[in-house]
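Below is the file entry32.cif, which contains mmCIF, C-alpha atoms.
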data_entry
#
loop_
_atom_site.label_atom_id
_atom_site.label_comp_id
_atom_site.auth_asym_id
_atom_site.auth_seq_id
_atom_site.Cartn_x
_atom_site.Cartn_y
_atom_site.Cartn_z
CA MET A 1 -88.27 87.11 -56.97
CA GLN A 2 -91.04 88.16 -54.59
CA ILE A 3 -92.98 85.32 -53.00
CA LYS A 4 -96.65 86.14 -52.54
CA ILE A 5 -98.20 84.58 -49.42
CA VAL A 6 -101.85 83.59 -49.76
CA SER A 7 -104.01 84.73 -46.85
CA ARG A 8 -105.62 81.92 -44.85
CA ASN A 9 -107.52 84.03 -42.32
CA LYS A 10 -110.88 82.52 -43.19
CA ILE A 11 -109.55 78.97 -43.01
CA VAL A 12 -107.84 79.67 -39.70
CA ALA A 13 -111.05 81.16 -38.32
CA THR A 14 -113.15 78.14 -39.27
CA GLN A 15 -110.58 75.83 -37.73
CA ALA A 16 -110.20 77.83 -34.52
CA ALA A 17 -112.39 75.47 -32.53
CA GLU A 18 -110.41 72.47 -33.71
CA ILE A 19 -106.93 73.83 -33.12
CA ALA A 20 -107.84 75.14 -29.68
CA THR A 21 -108.47 71.61 -28.39
CA THR A 22 -105.30 69.52 -28.51
CA SER A 23 -101.78 70.16 -29.70
CA ASP A 24 -101.81 67.33 -32.24
CA ALA A 25 -104.91 68.82 -33.90
CA ARG A 26 -103.33 72.25 -33.90
CA ILE A 27 -100.07 70.99 -35.45
CA SER A 28 -102.05 68.96 -37.99
CA ALA A 29 -103.91 72.10 -39.04
CA HIS A 30 -100.63 73.99 -39.37
CA ALA A 31 -99.20 71.18 -41.49
CA ARG A 32 -102.18 71.25 -43.85
CA LEU A 33 -102.02 75.03 -44.22
CA LEU A 34 -98.30 74.97 -44.91
CA SER A 35 -98.59 72.11 -47.43
CA GLU A 36 -101.34 73.96 -49.28
CA GLN A 37 -99.26 77.13 -49.35
CA LEU A 38 -96.20 75.24 -50.63
CA GLN A 39 -98.29 73.57 -53.32
CA ALA A 40 -99.67 76.95 -54.40
CA LEU A 41 -96.17 78.44 -54.46
CA GLY A 42 -94.88 75.45 -56.44
CA SER A 43 -97.71 75.82 -58.93
CA ARG A 44 -96.72 79.44 -59.55
CA LEU A 45 -93.03 78.64 -59.92
CA TYR A 46 -93.59 75.44 -61.90
CA PRO A 47 -97.15 75.17 -63.31
CA PRO A 48 -98.63 71.66 -63.53
CA ASP A 49 -98.07 71.49 -67.28
CA SER A 50 -94.40 72.48 -66.96
CA GLN A 51 -91.30 70.50 -66.04
CA LYS A 52 -88.21 71.64 -64.24
CA LEU A 53 -85.42 72.00 -66.82
CA LEU A 54 -81.68 72.41 -66.62
CA ARG A 55 -80.25 75.37 -68.48
CA SER A 56 -78.14 74.94 -71.61
CA PHE A 57 -74.36 75.29 -71.45
CA SER A 58 -72.24 77.54 -73.61
CA SER A 59 -69.82 75.94 -76.04
CA GLY A 60 -66.97 76.96 -73.73
CA GLU A 61 -68.61 75.27 -70.75
CA ALA A 62 -69.35 72.18 -72.86
CA ALA A 63 -65.76 72.01 -74.09
CA LYS A 64 -64.50 72.18 -70.50
CA LEU A 65 -66.80 69.33 -69.44
CA LEU A 66 -65.71 67.25 -72.44
CA HIS A 67 -61.97 67.98 -72.03
CA VAL A 68 -61.73 69.20 -75.64
CA SER A 69 -61.17 72.58 -77.25
CA ASP A 70 -64.00 74.91 -78.20
CA GLY A 71 -62.61 74.82 -81.76
CA TYR A 72 -63.06 71.04 -81.87
CA LEU A 73 -66.73 71.40 -80.93
CA ARG A 74 -67.19 74.15 -83.51
CA GLN A 75 -65.74 71.88 -86.21
CA LEU A 76 -68.02 69.01 -85.21
CA SER A 77 -70.97 71.38 -85.52
CA LEU A 78 -69.86 72.67 -88.93
CA ASP A 79 -69.37 69.09 -90.16
CA GLY A 80 -72.84 68.08 -88.94
CA ILE A 81 -71.40 65.49 -86.57
CA GLY A 82 -73.12 64.86 -83.25
CA PRO A 83 -76.08 66.75 -81.81
CA ALA A 84 -76.91 70.12 -83.30
CA PRO A 85 -76.36 72.90 -80.77
CA GLU A 86 -78.77 75.77 -80.34
CA ILE A 87 -77.37 78.83 -82.10
CA SER A 88 -78.31 82.29 -80.88
CA PRO A 89 -78.86 85.25 -83.25
CA SER A 90 -75.33 86.38 -82.40
CA GLY A 91 -73.92 82.99 -83.41
CA ARG A 92 -73.23 81.63 -79.92
CA ARG A 93 -73.64 77.87 -79.61
CA SER A 94 -75.10 76.15 -76.57
CA TYR A 95 -75.67 72.51 -75.63
CA THR A 96 -77.99 70.70 -73.24
CA LEU A 97 -76.46 68.26 -70.79
CA ALA A 98 -78.08 65.40 -72.75
CA GLN A 99 -76.29 66.64 -75.89
CA ILE A 100 -73.02 66.88 -73.98
CA ASN A 101 -73.42 63.27 -72.91
CA GLU A 102 -74.17 62.30 -76.53
CA LEU A 103 -70.94 64.03 -77.53
CA ARG A 104 -69.13 62.07 -74.82
CA ARG A 105 -70.22 58.82 -76.44
CA HIS A 106 -69.18 60.07 -79.89
CA ILE A 107 -65.74 61.26 -78.77
CA ALA A 108 -65.14 58.02 -76.86
CA THR A 109 -65.81 56.14 -80.11
CA VAL A 110 -63.61 58.21 -82.42
CA LYS A 111 -60.86 58.82 -79.85
CA PRO A 112 -60.44 55.52 -77.97
CA ARG A 113 -57.37 56.81 -76.14
CA ASP A 114 -59.48 59.56 -74.55
CA ALA A 115 -62.47 57.32 -73.83
CA LEU A 116 -61.79 56.90 -70.11
CA SER A 117 -61.52 60.64 -69.43
CA VAL A 118 -64.40 61.66 -71.69
CA LEU A 119 -66.83 58.83 -70.82
CA PRO A 120 -65.72 57.76 -67.33
CA HIS A 121 -68.28 55.01 -66.65
CA ARG A 122 -66.91 52.30 -64.40
CA ARG A 123 -65.26 49.40 -66.17
CA ALA A 124 -65.25 45.65 -65.52
CA GLY A 125 -63.87 44.95 -62.06
CA GLU A 126 -64.73 48.42 -60.71
CA LYS A 127 -67.45 48.16 -58.08
CA MET A 128 -70.27 50.64 -57.82
CA GLN A 129 -69.36 53.32 -55.32
CA THR A 130 -72.06 54.09 -52.74
CA ILE A 131 -71.38 57.22 -50.73
CA ALA A 132 -73.46 57.86 -47.61
CA CYS A 133 -73.55 61.36 -46.16
CA VAL A 134 -74.27 61.30 -42.42
CA ASN A 135 -74.62 63.48 -39.32
CA PHE A 136 -77.48 64.10 -36.94
CA LYS A 137 -76.76 67.77 -36.31
CA GLY A 138 -79.12 70.07 -38.17
CA GLY A 139 -77.50 72.75 -40.27
CA SER A 140 -74.44 70.72 -41.26
CA ALA A 141 -75.39 71.08 -44.97
CA LYS A 142 -75.77 67.34 -45.43
CA THR A 143 -78.45 67.61 -48.11
CA THR A 144 -76.65 70.45 -49.89
CA THR A 145 -73.47 68.34 -49.93
CA CYS A 146 -75.36 65.40 -51.47
CA LEU A 147 -77.12 67.57 -54.05
CA TYR A 148 -73.99 69.26 -55.38
CA LEU A 149 -71.92 66.06 -55.28
CA ALA A 150 -74.56 64.14 -57.27
CA GLN A 151 -74.94 66.94 -59.83
CA TYR A 152 -71.17 67.41 -60.14
CA LEU A 153 -70.65 63.70 -60.80
CA ALA A 154 -73.47 63.64 -63.36
CA MET A 155 -71.95 66.64 -65.16
CA SER A 156 -68.61 64.81 -65.14
CA GLY A 157 -70.17 61.99 -67.18
CA PHE A 158 -70.97 59.39 -64.53
CA ARG A 159 -74.25 57.53 -64.18
CA VAL A 160 -75.46 58.70 -60.77
CA LEU A 161 -78.30 57.69 -58.46
CA ALA A 162 -79.31 59.99 -55.60
CA VAL A 163 -81.09 58.21 -52.75
CA ASP A 164 -83.19 60.29 -50.36
CA LEU A 165 -83.46 58.38 -47.07
CA ASP A 166 -84.57 61.45 -45.12
CA PRO A 167 -88.34 61.54 -44.43
CA GLN A 168 -88.13 65.34 -44.68
CA ALA A 169 -87.23 64.75 -48.35
CA SER A 170 -85.31 67.99 -48.95
CA LEU A 171 -83.12 66.34 -51.58
CA SER A 172 -86.21 65.14 -53.47
CA ALA A 173 -87.65 68.67 -53.36
CA MET A 174 -84.42 70.15 -54.72
CA LEU A 175 -84.52 67.65 -57.58
CA GLY A 176 -87.97 68.71 -58.70
CA LEU A 177 -90.50 66.75 -56.62
CA GLN A 178 -93.01 67.89 -54.02
CA PRO A 179 -93.07 64.76 -51.87
CA GLU A 180 -96.50 65.36 -50.32
CA PHE A 181 -98.22 65.49 -53.71
CA ASP A 182 -96.03 63.80 -56.33
CA LEU A 183 -95.46 60.44 -54.62
CA LYS A 184 -97.88 57.62 -53.96
CA GLU A 185 -97.50 54.83 -51.41
CA GLY A 186 -94.45 52.72 -52.18
CA ASP A 187 -92.80 55.27 -54.48
CA THR A 188 -89.80 55.70 -52.15
CA ILE A 189 -87.11 53.12 -51.41
CA TYR A 190 -89.40 52.00 -48.59
CA GLY A 191 -91.46 50.27 -51.26
CA ALA A 192 -88.47 48.00 -51.96
CA ILE A 193 -87.29 47.39 -48.37
CA ARG A 194 -90.55 46.95 -46.47
CA TYR A 195 -91.15 43.68 -44.66
CA ASP A 196 -94.63 42.72 -45.90
CA GLY A 197 -95.71 41.00 -49.09
CA VAL A 198 -96.25 44.14 -51.14
CA ARG A 199 -92.56 44.88 -51.67
CA ARG A 200 -91.82 46.06 -55.19
CA PRO A 201 -88.65 46.00 -57.33
CA VAL A 202 -86.48 49.00 -56.50
CA ARG A 203 -86.21 49.82 -60.21
CA ASP A 204 -89.92 50.68 -60.16
CA CYS A 205 -89.22 53.37 -57.53
CA VAL A 206 -86.41 55.11 -59.46
CA ARG A 207 -87.27 58.39 -61.19
CA ARG A 208 -85.36 60.17 -63.90
CA THR A 209 -84.62 63.81 -63.15
CA TYR A 210 -84.25 66.87 -65.35
CA PHE A 211 -80.49 66.45 -64.84
CA ASP A 212 -79.35 64.04 -67.57
CA GLY A 213 -77.39 61.17 -66.03
CA LEU A 214 -78.84 61.71 -62.53
CA ASP A 215 -81.71 59.53 -61.30
CA LEU A 216 -83.49 59.73 -57.96
CA LEU A 217 -84.90 57.34 -55.40
CA PRO A 218 -87.16 59.89 -53.68
CA GLY A 219 -88.12 60.17 -50.05
CA ASN A 220 -91.14 61.27 -48.05
CA LEU A 221 -92.76 60.61 -44.68
CA GLU A 222 -93.50 56.95 -45.48
CA LEU A 223 -89.82 56.21 -44.80
CA MET A 224 -90.68 56.50 -41.11
CA GLU A 225 -92.68 53.28 -41.47
CA PHE A 226 -89.38 51.39 -41.75
CA GLU A 227 -88.33 52.72 -38.35
CA HIS A 228 -91.66 51.58 -36.86
CA GLU A 229 -91.81 48.18 -38.53
CA THR A 230 -88.24 47.04 -37.92
CA PRO A 231 -88.66 46.41 -34.16
CA ARG A 232 -91.69 44.25 -34.92
CA ALA A 233 -89.74 42.34 -37.57
CA LEU A 234 -86.85 41.81 -35.16
CA ALA A 235 -89.27 40.51 -32.51
CA LEU A 236 -90.29 37.70 -34.86
CA GLY A 237 -86.80 36.27 -34.62
CA THR A 238 -86.89 34.88 -38.18
CA ARG A 239 -84.99 35.94 -41.28
CA LEU A 240 -87.44 37.64 -43.63
CA PRO A 241 -87.11 37.93 -47.43
CA GLY A 242 -84.96 40.93 -48.27
CA GLY A 243 -82.47 40.34 -45.46
CA MET A 244 -81.90 41.77 -42.02
CA PHE A 245 -82.80 45.41 -41.47
CA PHE A 246 -79.19 46.52 -42.03
CA GLU A 247 -78.95 44.54 -45.29
CA ARG A 248 -82.12 45.72 -46.98
CA VAL A 249 -80.93 49.04 -48.42
CA GLY A 250 -77.79 47.41 -49.82
CA ASN A 251 -79.72 44.45 -51.23
CA ALA A 252 -82.17 46.80 -52.93
CA LEU A 253 -79.37 48.85 -54.51
CA ALA A 254 -77.67 45.64 -55.68
CA GLU A 255 -80.68 45.01 -57.94
CA ILE A 256 -79.79 48.07 -60.05
CA GLU A 257 -76.01 47.99 -59.68
CA ALA A 258 -75.48 47.54 -63.41
CA ASP A 259 -77.25 50.83 -64.13
CA TYR A 260 -75.03 53.18 -62.13
CA ASP A 261 -71.44 54.09 -61.41
CA ILE A 262 -71.98 56.04 -58.20
CA VAL A 263 -74.80 56.24 -55.63
CA VAL A 264 -75.09 59.21 -53.25
CA ILE A 265 -77.25 58.65 -50.15
CA ASP A 266 -78.68 61.50 -48.08
CA CYS A 267 -79.20 59.90 -44.67
CA PRO A 268 -81.79 61.04 -42.12
CA PRO A 269 -80.51 63.24 -39.26
CA GLN A 270 -80.69 60.39 -36.74
CA LEU A 271 -79.05 57.07 -36.02
CA GLY A 272 -82.06 54.92 -36.83
CA TYR A 273 -82.50 51.72 -38.78
CA LEU A 274 -82.43 53.51 -42.14
CA THR A 275 -79.11 55.18 -41.35
CA LEU A 276 -77.60 51.90 -40.21
CA GLY A 277 -78.81 50.31 -43.44
CA ALA A 278 -77.14 53.09 -45.41
CA LEU A 279 -73.90 52.67 -43.47
CA CYS A 280 -73.85 48.96 -44.37
CA ALA A 281 -74.74 49.63 -48.02
CA ALA A 282 -72.07 52.32 -48.38
CA THR A 283 -68.58 51.85 -49.73
CA ALA A 284 -67.58 55.28 -48.40
CA LEU A 285 -68.77 57.75 -45.77
CA LEU A 286 -68.90 61.54 -45.76
CA ILE A 287 -69.46 63.20 -42.38
CA THR A 288 -70.45 66.84 -42.74
CA ILE A 289 -69.41 69.29 -40.04
CA HIS A 290 -70.09 72.99 -39.58
CA PRO A 291 -66.95 74.42 -37.91
CA GLN A 292 -68.56 75.74 -34.72
CA MET A 293 -67.70 74.32 -31.31
CA VAL A 294 -71.30 73.38 -30.52
CA ASP A 295 -71.47 71.42 -33.78
CA VAL A 296 -68.16 69.69 -33.06
CA ALA A 297 -69.44 68.69 -29.61
CA SER A 298 -72.59 67.29 -31.22
CA MET A 299 -70.50 65.40 -33.77
CA SER A 300 -68.46 63.89 -30.93
CA GLN A 301 -71.65 62.41 -29.48
CA PHE A 302 -72.73 61.28 -32.93
CA LEU A 303 -69.43 59.45 -33.50
CA LEU A 304 -69.62 57.73 -30.11
CA MET A 305 -73.18 56.57 -30.70
CA ALA A 306 -72.46 55.57 -34.29
CA SER A 307 -69.43 53.48 -33.35
CA ASP A 308 -71.40 51.61 -30.66
CA LEU A 309 -74.31 50.84 -32.98
CA MET A 310 -72.03 49.95 -35.88
CA ALA A 311 -70.16 47.48 -33.68
CA VAL A 312 -73.44 45.74 -32.82
CA VAL A 313 -74.41 45.58 -36.50
CA ARG A 314 -70.96 44.31 -37.50
CA LYS A 315 -71.15 41.49 -34.95
CA ALA A 316 -74.57 40.59 -36.37
CA GLY A 317 -73.04 40.21 -39.83
CA GLY A 318 -73.20 43.71 -41.31
CA ASP A 319 -70.47 44.72 -43.76
CA LEU A 320 -68.87 47.84 -42.34
CA ARG A 321 -65.69 48.04 -44.40
CA HIS A 322 -65.46 51.36 -46.22
CA ASP A 323 -62.99 52.42 -48.89
CA PHE A 324 -62.69 55.85 -47.32
CA ILE A 325 -64.19 58.01 -44.58
CA ARG A 326 -63.87 61.76 -44.88
CA TYR A 327 -65.02 64.76 -42.85
CA VAL A 328 -66.39 67.56 -45.01
CA ILE A 329 -66.19 71.07 -43.59
CA THR A 330 -69.30 72.94 -44.70
CA ARG A 331 -70.62 76.50 -44.44
CA HIS A 332 -67.04 77.55 -43.82
CA GLU A 333 -66.11 81.20 -43.37
CA PRO A 334 -62.31 81.16 -43.86
CA HIS A 335 -61.77 84.62 -42.37
CA ASP A 336 -63.67 83.83 -39.16
CA GLY A 337 -61.12 83.37 -36.36
CA PRO A 338 -63.02 80.90 -34.15
CA GLN A 339 -63.96 78.80 -37.21
CA SER A 340 -60.32 78.70 -38.29
CA GLN A 341 -59.39 77.37 -34.85
CA VAL A 342 -62.03 74.64 -35.10
CA VAL A 343 -60.84 73.66 -38.58
CA ALA A 344 -57.25 73.53 -37.36
CA LEU A 345 -58.35 71.33 -34.43
CA LEU A 346 -60.13 68.90 -36.77
CA ARG A 347 -57.17 68.71 -39.15
CA ASN A 348 -54.80 68.15 -36.24
CA LEU A 349 -56.97 65.34 -34.87
CA PHE A 350 -57.98 63.54 -38.07
CA GLY A 351 -55.24 64.50 -40.52
CA GLU A 352 -55.96 63.58 -44.14
CA GLU A 353 -59.39 62.20 -43.22
CA VAL A 354 -60.57 65.83 -43.27
CA LEU A 355 -60.94 66.96 -46.89
CA ALA A 356 -58.32 69.54 -47.81
CA ALA A 357 -61.00 71.64 -49.52
CA SER A 358 -63.94 73.09 -47.61
CA ALA A 359 -67.37 74.24 -48.78
CA TRP A 360 -67.56 77.98 -48.13
CA LYS A 361 -70.63 79.65 -46.77
CA SER A 362 -72.21 81.52 -49.67
CA THR A 363 -75.27 83.67 -50.17
CA ALA A 364 -75.28 82.39 -53.75
CA ILE A 365 -76.12 78.85 -52.62
CA ALA A 366 -78.80 80.12 -50.23
CA ASP A 367 -80.34 82.41 -52.85
CA ALA A 368 -80.50 79.61 -55.40
CA GLY A 369 -82.11 77.33 -52.83
CA LEU A 370 -84.99 79.77 -52.33
CA THR A 371 -86.38 78.63 -55.68
CA LYS A 372 -85.28 75.00 -55.21
CA GLN A 373 -82.38 75.40 -57.60
CA SER A 374 -78.69 74.71 -57.48
CA LEU A 375 -76.00 77.00 -58.85
CA TYR A 376 -75.60 74.70 -61.85
CA GLU A 377 -79.17 75.59 -62.86
CA LEU A 378 -78.60 79.34 -62.78
CA GLU A 379 -76.95 81.53 -65.37
CA ARG A 380 -73.60 82.79 -64.13
CA GLY A 381 -74.77 86.39 -64.14
CA ALA A 382 -78.05 85.76 -62.32
CA ILE A 383 -76.58 86.32 -58.85
CA GLY A 384 -73.36 88.18 -59.56
CA ARG A 385 -70.45 86.66 -61.41
CA ALA A 386 -67.87 87.05 -58.64
CA THR A 387 -70.17 85.55 -55.97
CA TYR A 388 -71.16 82.73 -58.31
CA ASP A 389 -67.56 81.94 -59.26
CA ARG A 390 -66.37 81.83 -55.63
CA ALA A 391 -69.18 79.48 -54.61
CA ILE A 392 -68.71 77.16 -57.61
CA GLU A 393 -64.93 77.09 -57.11
CA SER A 394 -65.37 76.07 -53.48
CA LEU A 395 -67.96 73.36 -54.25
CA GLU A 396 -66.01 71.91 -57.14
CA ALA A 397 -62.82 71.78 -55.07
CA VAL A 398 -64.67 69.64 -52.50
CA ASN A 399 -66.36 67.43 -55.08
CA GLY A 400 -63.21 67.11 -57.18
CA GLU A 401 -61.38 65.81 -54.13
CA ILE A 402 -64.14 63.26 -53.48
CA LEU A 403 -64.02 62.18 -57.14
CA GLY A 404 -60.27 61.72 -56.78
CA LEU A 405 -60.87 59.33 -53.87
CA ILE A 406 -63.35 57.35 -56.01
CA LEU A 407 -60.91 57.12 -58.91
CA ARG A 408 -58.18 56.01 -56.52
CA THR A 409 -60.47 53.31 -55.16
CA TRP A 410 -61.02 52.10 -58.74
CA GLY A 411 -57.27 52.09 -59.31
CA ARG A 412 -57.35 54.74 -62.03
CA ILE A 413 -54.97 57.08 -60.19
CA PRO A 414 -52.20 56.20 -57.69
#
Would it be possible to restate this file's structure as structure tokens?
Amino acid sequence: MQIKIVSRNKIVATQAAEIATTSDARISAHARLLSEQLQALGSRLYPPDSQKLLRSFSSGEAAKLLHVSDGYLRQLSLDGIGPAPEISPSGRRSYTLAQINELRRHIATVKPRDALSVLPHRRAGEKMQTIACVNFKGGSAKTTTCLYLAQYLAMSGFRVLAVDLDPQASLSAMLGLQPEFDLKEGDTIYGAIRYDGVRRPVRDCVRRTYFDGLDLLPGNLELMEFEHETPRALALGTRLPGGMFFERVGNALAEIEADYDIVVIDCPPQLGYLTLGALCAATALLITIHPQMVDVASMSQFLLMASDLMAVVRKAGGDLRHDFIRYVITRHEPHDGPQSQVVALLRNLFGEEVLAASAWKSTAIADAGLTKQSLYELERGAIGRATYDRAIESLEAVNGEILGLILRTWGRIP
């Protein structure tokens, strides 16, 4: 797809006097121009009267997700049981993800023995798993890790909430929002964790996405207000409604705990108050790392700073017990010698706390991201079957391993 750039020469010329004065005015002008261009591009890709949609899945793909045979699905269709698939002129059947989830509920009813594998919602006594993805080194694929993990879990039949705590809001953009234009004041989780009297229930901030089973608490620049307001709240020296700053994210998520099995939090690339709140709300941590020595050195500083700040929060009453902590190797090039040495170093140092699987660097993921899509949204042949299959295999190995840790925490597997 060719992206057409709209010329802004006239606008730039009329603003020349303004942007020549101070740097803040110049950067503000650049921000406005870029936002307008992004809005125009978004309007061409997704017109205002359209909605982002997830593709349908072939009967073979649906059968794989449901852990049944394709013949079983064909028989259900012939018997008129369950949702009616779309049938192509050649007779091929396809299902939307919503229909697949409807089939999950049907199969769980008629095959009680298979209910837990087909419809894997958490049961009584299984706590909601909240997974925070952290690092403050740019380029560690933190947002990409969150996006694919959340979508993988939703496709596996779980009720998933993605929480975008990053003011840059890349996760929100990938899930179909343009944060500058689609969100009003208080539409992010900030609306539920702010300190003043206009706090709103967190449920009012949750948005359904085009991905059935995956909801979103979006982010945008207003999240920075929490970083600015927290020092003032701490200076008051009194306990405000909603809890201490490190309790507020967790307390907000507790309001909707009954609605979800798993929460995936994309943390900002800094160790601020929001990140500390996410660390306290989380039941598990994922630390993304690009296997380059400069990134490992940066992660070393991140871990030192994080441990110091977490100790302070723990002594103040924060809950910092996590079911598991894992390092996720991202953008990995397995045949790159120096990267292999870095990976070996990490595995030698941290043992099983480094995921056995790694997310490979792939042009397929980057190409899909150009149009704010994930690989799950593209047809397998859209970017080359071999490239697509390698990328999906790598991602699902990582996410399958994380799912295994969740199931082990719930006691479903030894």
| Can you list, as a ChimeraX atom specification, every protein, DNA or RNA residue that comes within 12 Å of region 183-193 of chain A when you count only C-alpha atoms, leaving out same-chain residues fewer than 5 positions away? | /A:162-167,169,172-173,176-178,198-207,216-230,240-256,265,273-274,277-278
| Of the listed residues A:Ser88, A:Val264, A:Val343, A:Ile107, that which approaches Tyr72 (chain A) most closely, counting only C-alpha atoms |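 Counting only C-alpha atoms, the residue closest to Tyr72 (chain A) is A:Ile107.
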| Closest to Gly369 (chain A) among A:Thr288, A:Gln301, A:Ser56, A:Thr143, using only C-alpha atoms? | A:Thr143
For region 234-249 of chain A, take all atoms listed in the file, fit an axis-aligned box around them, add 5 Å to each of the six sides, then output centre and edge lengths in Å rounded to one decimal, as JSON.
{"center_x": -84.6, "center_y": 42.0, "center_z": -40.5, "size_x": 21.3, "size_y": 24.2, "size_z": 25.9}
| task | Provide the CA of Gly411 (chain A) to CA of Thr109 (chain A) distance in Å, to one decimal place. | result | 22.8 Å
| One-decimal distance in Å that lies between CA of Asp215 (chain A) and CA of Lys142 (chain A) | 18.7 Å
| request: Pull out every residue that the PyMOL selection byres ((chain A and resi 77) around 12) matches in the shown coordinates and put them as an MDAnalysis selection string. | output: chainID A and resid 59 70:76 78:87 92:95 99 103
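Interatomic distance, CA of Gly351 (chain A) to CA of Ile365 (chain A): 28.1 Å.
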| request: Write out as a PyMOL selection string the residues lying within 12 Å of Leu54 (chain A), counting all atoms listed in the file and excluding same-chain residues fewer than 6 positions away. | output: chain A and resi 95-98+151+155+175-176+209-212+214+373-379
Near-region 396-400 of chain A list (9 Å; all atoms listed in the file; drop same-chain fewer than 3 positions) as a PDB file with C-alpha atoms, in the frame of the given file:
ATOM      1  CA  THR A 145     -73.470  68.340 -49.930  1.00  0.00           C
ATOM      2  CA  TYR A 148     -73.990  69.260 -55.380  1.00  0.00           C
ATOM      3  CA  LEU A 149     -71.920  66.060 -55.280  1.00  0.00           C
ATOM      4  CA  TYR A 152     -71.170  67.410 -60.140  1.00  0.00           C
ATOM      5  CA  LEU A 153     -70.650  63.700 -60.800  1.00  0.00           C
ATOM      6  CA  VAL A 328     -66.390  67.560 -45.010  1.00  0.00           C
ATOM      7  CA  LEU A 355     -60.940  66.960 -46.890  1.00  0.00           C
ATOM      8  CA  ALA A 356     -58.320  69.540 -47.810  1.00  0.00           C
ATOM      9  CA  ALA A 357     -61.000  71.640 -49.520  1.00  0.00           C
ATOM     10  CA  SER A 358     -63.940  73.090 -47.610  1.00  0.00           C
ATOM     11  CA  ALA A 359     -67.370  74.240 -48.780  1.00  0.00           C
ATOM     12  CA  ALA A 391     -69.180  79.480 -54.610  1.00  0.00           C
ATOM     13  CA  ILE A 392     -68.710  77.160 -57.610  1.00  0.00           C
ATOM     14  CA  GLU A 393     -64.930  77.090 -57.110  1.00  0.00           C
ATOM     15  CA  LEU A 403     -64.020  62.180 -57.140  1.00  0.00           C
ATOM     16  CA  GLY A 404     -60.270  61.720 -56.780  1.00  0.00           C
ATOM     17  CA  LEU A 405     -60.870  59.330 -53.870  1.00  0.00           C
TER      18      LEU A 405
END
| query | Which residues come within 9 Å of Arg331 (chain A), counting only C-alpha atoms, excluding same-chain residues fewer than 6 positions away, as a list of chain:residue names? | reply | A:Gly139, A:Ser140, A:Ala141, A:Ile289, A:His290, A:Pro291, A:Ser358, A:Ala359, A:Trp360, A:Lys361, A:Ser362
Pull C-alpha atoms from the residues just selected and write them as a short mmCIF file (atom, residue, chain, number, x, y, z; two decimals), in the coordinates of the input.
data_model
loop_
_atom_site.label_atom_id
_atom_site.label_comp_id
_atom_site.auth_asym_id
_atom_site.auth_seq_id
_atom_site.Cartn_x
_atom_site.Cartn_y
_atom_site.Cartn_z
CA GLY A 139 -77.50 72.75 -40.27
CA SER A 140 -74.44 70.72 -41.26
CA ALA A 141 -75.39 71.08 -44.97
CA ILE A 289 -69.41 69.29 -40.04
CA HIS A 290 -70.09 72.99 -39.58
CA PRO A 291 -66.95 74.42 -37.91
CA SER A 358 -63.94 73.09 -47.61
CA ALA A 359 -67.37 74.24 -48.78
CA TRP A 360 -67.56 77.98 -48.13
CA LYS A 361 -70.63 79.65 -46.77
CA SER A 362 -72.21 81.52 -49.67
#
| field | Which residue of A:Leu234, A:Leu161, A:Ala316, A:Val118 approaches Arg208 (chain A) most closely, using all atoms listed in the file | value |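 Closest to Arg208 (chain A) of all the choices is A:Leu161.
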| message | Measuring between all atoms listed in the file, which one of A:Ala258, A:Ala154, A:Val263, A:Ala344 shows the shortest distance to Leu285 (chain A)? | response |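 Using all atoms listed in the file, the shortest distance to Leu285 (chain A) belongs to A:Val263.
Among the candidate residues A:Leu370, A:Gln292, A:Asp389, A:Gly381, the one lying nearest to Asp336 (chain A) is A:Gln292, with distances computed using only C-alpha atoms.
Comparing A:Gly125, A:Gly60, A:Pro112, A:Pro89 by their smallest distance to Trp410 (chain A), the closest is A:Gly125 (using only C-alpha atoms).
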